[in-house]
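Data file: upload.cif. Format and content: mmCIF, C-alpha atoms and all ligand atoms.
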data_target
#
loop_
_atom_site.label_atom_id
_atom_site.label_comp_id
_atom_site.auth_asym_id
_atom_site.auth_seq_id
_atom_site.Cartn_x
_atom_site.Cartn_y
_atom_site.Cartn_z
CA MET A 16 -29.02 -27.68 11.26
CA ARG A 17 -26.52 -26.75 8.57
CA ASN A 18 -24.33 -29.40 7.06
CA TYR A 19 -21.18 -29.70 5.03
CA ARG A 20 -22.97 -29.37 1.66
CA GLN A 21 -24.83 -26.23 2.72
CA ALA A 22 -21.67 -24.56 4.04
CA GLN A 23 -19.73 -25.51 0.89
CA ALA A 24 -22.53 -24.28 -1.40
CA GLU A 25 -22.74 -20.94 0.41
CA LEU A 26 -19.00 -20.44 0.22
CA LEU A 27 -18.90 -21.28 -3.50
CA HIS A 28 -21.78 -18.88 -4.11
CA ALA A 29 -19.93 -16.11 -2.23
CA ILE A 30 -16.76 -16.77 -4.24
CA GLU A 31 -18.70 -16.66 -7.53
CA LYS A 32 -20.32 -13.40 -6.51
CA GLU A 33 -16.95 -11.79 -5.76
CA GLN A 34 -15.49 -13.19 -9.02
CA VAL A 35 -12.03 -13.87 -7.62
CA VAL A 36 -10.42 -14.21 -4.22
CA ALA A 37 -6.71 -14.39 -3.44
CA CYS A 38 -6.64 -18.08 -2.56
CA GLN A 39 -7.81 -18.95 -6.08
CA GLU A 40 -4.88 -17.04 -7.56
CA LEU A 41 -2.24 -18.34 -5.13
CA PRO A 42 -3.46 -21.70 -3.79
CA ASP A 43 -0.01 -22.87 -2.64
CA VAL A 44 0.29 -19.93 -0.27
CA PHE A 45 -2.90 -20.93 1.53
CA PHE A 46 -1.68 -24.43 2.34
CA PRO A 47 1.62 -23.65 4.09
CA GLU A 48 1.88 -27.15 5.56
CA ASP A 49 2.79 -28.36 2.05
CA TRP A 50 6.04 -26.39 2.02
CA PRO A 51 9.04 -28.50 3.12
CA ASP A 52 10.95 -25.62 4.68
CA ALA A 53 9.88 -24.14 8.05
CA GLN A 54 10.80 -20.60 7.02
CA MET A 55 8.71 -20.87 3.86
CA ARG A 56 5.78 -22.27 5.87
CA LYS A 57 6.00 -19.29 8.21
CA ARG A 58 6.22 -16.79 5.37
CA ALA A 59 3.36 -18.40 3.41
CA THR A 60 1.20 -18.29 6.55
CA GLU A 61 1.90 -14.57 7.01
CA VAL A 62 1.13 -13.78 3.37
CA ALA A 63 -2.07 -15.84 3.38
CA LYS A 64 -3.31 -14.24 6.59
CA ASN A 65 -2.65 -10.75 5.20
CA LEU A 66 -4.55 -11.59 2.01
CA CYS A 67 -7.47 -13.02 4.00
CA ASP A 68 -7.65 -9.79 6.01
CA THR A 69 -8.70 -7.93 2.85
CA CYS A 70 -10.97 -10.66 1.48
CA PRO A 71 -14.63 -9.63 1.09
CA ILE A 72 -15.89 -13.09 2.07
CA LYS A 73 -13.62 -13.68 5.06
CA PHE A 74 -16.51 -14.29 7.44
CA GLN A 75 -18.27 -16.81 5.18
CA CYS A 76 -14.96 -18.56 4.53
CA LEU A 77 -14.18 -18.94 8.22
CA GLN A 78 -17.70 -20.10 8.96
CA ALA A 79 -17.49 -22.79 6.27
CA ALA A 80 -14.07 -23.94 7.49
CA LEU A 81 -15.35 -24.27 11.05
CA GLU A 82 -18.47 -26.14 9.98
CA ASN A 83 -16.45 -28.43 7.72
CA GLN A 84 -13.73 -28.89 10.36
CA GLU A 85 -11.05 -28.14 7.77
CA GLY A 86 -7.84 -29.60 9.13
CA TYR A 87 -5.44 -27.95 6.70
CA GLY A 88 -4.77 -24.57 5.17
CA ILE A 89 -5.50 -20.97 6.01
CA TRP A 90 -9.23 -20.26 5.90
CA GLY A 91 -10.76 -16.96 6.89
CA GLY A 92 -7.36 -15.75 8.06
CA LEU A 93 -6.87 -18.49 10.64
CA THR A 94 -4.56 -21.50 10.81
CA PRO A 95 -5.96 -24.95 11.69
CA LYS A 96 -4.73 -24.50 15.27
CA GLU A 97 -6.35 -21.07 15.57
CA ARG A 98 -9.61 -22.40 14.13
CA GLY A 99 -9.55 -25.11 16.76
CA ASN A 100 -9.55 -22.43 19.44
CA VAL A 101 -12.50 -20.42 18.07
CA GLY A 102 -15.50 -20.56 20.34
CA ARG A 103 -13.70 -22.43 23.12
S1 LIG B 1 -10.76 -15.46 3.52
FE1 LIG B 1 -11.05 -17.49 2.56
S2 LIG B 1 -11.79 -17.06 0.50
FE2 LIG B 1 -10.86 -15.20 1.29
S3 LIG B 1 -8.71 -15.25 0.62
FE3 LIG B 1 -8.79 -16.13 2.67
S4 LIG B 1 -8.97 -18.34 2.32
FE4 LIG B 1 -9.57 -17.31 0.40
#

Structure translated into structure tokens:
Amino acid sequence: MRNYRQAQAELLHAIEKEQVVACQELPDVFFPEDWPDAQMRKRATEVAKNLCDTCPIKFQCLQAALENQEGYGIWGGLTPKERGNVGR
């Protein structure tokens, strides 16, 4: 059975292999819940999801977020609510 450390290590390895992914360059965009304004949260979510759609490690990222039960941020192109619905 995989665990948090395995999932995290695999994701970090994938990020290192790809050199750079969008969320490293624009971390604030990928945590829209931190924005105080609803319109900015909505816009940041849209931008983050679009960037995830072109990310070469989208699948690994989503898998790690699901295994780690990440409660915040956009991971693998999905919001926390959307991740909660995967596989149900
Ligand atoms: S899929 Fe994951 S690693 Fe790729 S940009 Fe989105 S949040 Fe970052």

- Message: So that I can check the surroundings of segment 46-62 of chain A, please list as an MDAnalysis selection string every protein, DNA and RNA residue that reaches within 12 Å of it, counting all atoms listed in the file and ignoring chain neighbours fewer than 4 positions away.
- Response: chainID A and resid 37:39 41:42 66:69 85:90 92:95

- Item | Selected residue of minimal separation from Glu25 of chain A among A:Cys76, A:Leu81, A:Cys70, A:Val44, counting only C-alpha atoms | A:Cys76

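Considering all atoms listed in the file, the residue among A:Ala80, A:Ile72, A:Val35, A:Leu27 positioned nearest to ligand LIG 1 (chain B) is A:Ile72.
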
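Take the candidates A:Asp43, A:Lys64, A:Glu82, A:Ala24 and check each one against ligand LIG 1 (chain B) using only C-alpha atoms and all ligand atoms; the shortest distance goes to A:Lys64.
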
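Taking atom CA of His28 of chain A and atom CA of Asn100 of chain A as the two end points, the separation is 26.8 Å.
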
Restore N, CA and C atoms in segment 61-75 of chain A and list the result as a compact mmCIF listing (two decimals), in the coordinates of the input.
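Output (selection01.txt):
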# COMPACT_ATOMS: atom_id res chain seq x y z
N GLU A 61 2.04 -16.03 6.85
CA GLU A 61 1.90 -14.57 7.01
C GLU A 61 1.23 -13.94 5.79
N VAL A 62 1.68 -14.36 4.61
CA VAL A 62 1.13 -13.78 3.37
C VAL A 62 -0.35 -14.14 3.25
N ALA A 63 -0.67 -15.41 3.49
CA ALA A 63 -2.07 -15.84 3.38
C ALA A 63 -2.96 -15.08 4.36
N LYS A 64 -2.51 -14.94 5.59
CA LYS A 64 -3.31 -14.24 6.59
C LYS A 64 -3.54 -12.78 6.18
N ASN A 65 -2.51 -12.14 5.65
CA ASN A 65 -2.65 -10.75 5.20
C ASN A 65 -3.66 -10.66 4.06
N LEU A 66 -3.61 -11.61 3.13
CA LEU A 66 -4.55 -11.59 2.01
C LEU A 66 -5.97 -11.85 2.50
N CYS A 67 -6.13 -12.75 3.44
CA CYS A 67 -7.47 -13.02 4.00
C CYS A 67 -8.04 -11.77 4.68
N ASP A 68 -7.17 -10.99 5.30
CA ASP A 68 -7.65 -9.79 6.01
C ASP A 68 -8.36 -8.81 5.09
N THR A 69 -8.05 -8.86 3.79
CA THR A 69 -8.70 -7.93 2.85
C THR A 69 -9.76 -8.65 2.00
N CYS A 70 -10.03 -9.89 2.30
CA CYS A 70 -10.97 -10.66 1.48
C CYS A 70 -12.41 -10.29 1.84
N PRO A 71 -13.24 -10.03 0.83
CA PRO A 71 -14.63 -9.63 1.09
C PRO A 71 -15.51 -10.75 1.64
N ILE A 72 -15.05 -11.99 1.56
CA ILE A 72 -15.89 -13.09 2.07
C ILE A 72 -15.20 -13.81 3.24
N LYS A 73 -14.38 -13.08 3.96
CA LYS A 73 -13.62 -13.68 5.06
C LYS A 73 -14.54 -14.37 6.08
N PHE A 74 -15.62 -13.72 6.43
CA PHE A 74 -16.51 -14.29 7.44
C PHE A 74 -17.13 -15.60 6.95
N GLN A 75 -17.66 -15.60 5.73
CA GLN A 75 -18.27 -16.81 5.18
C GLN A 75 -17.26 -17.94 5.07
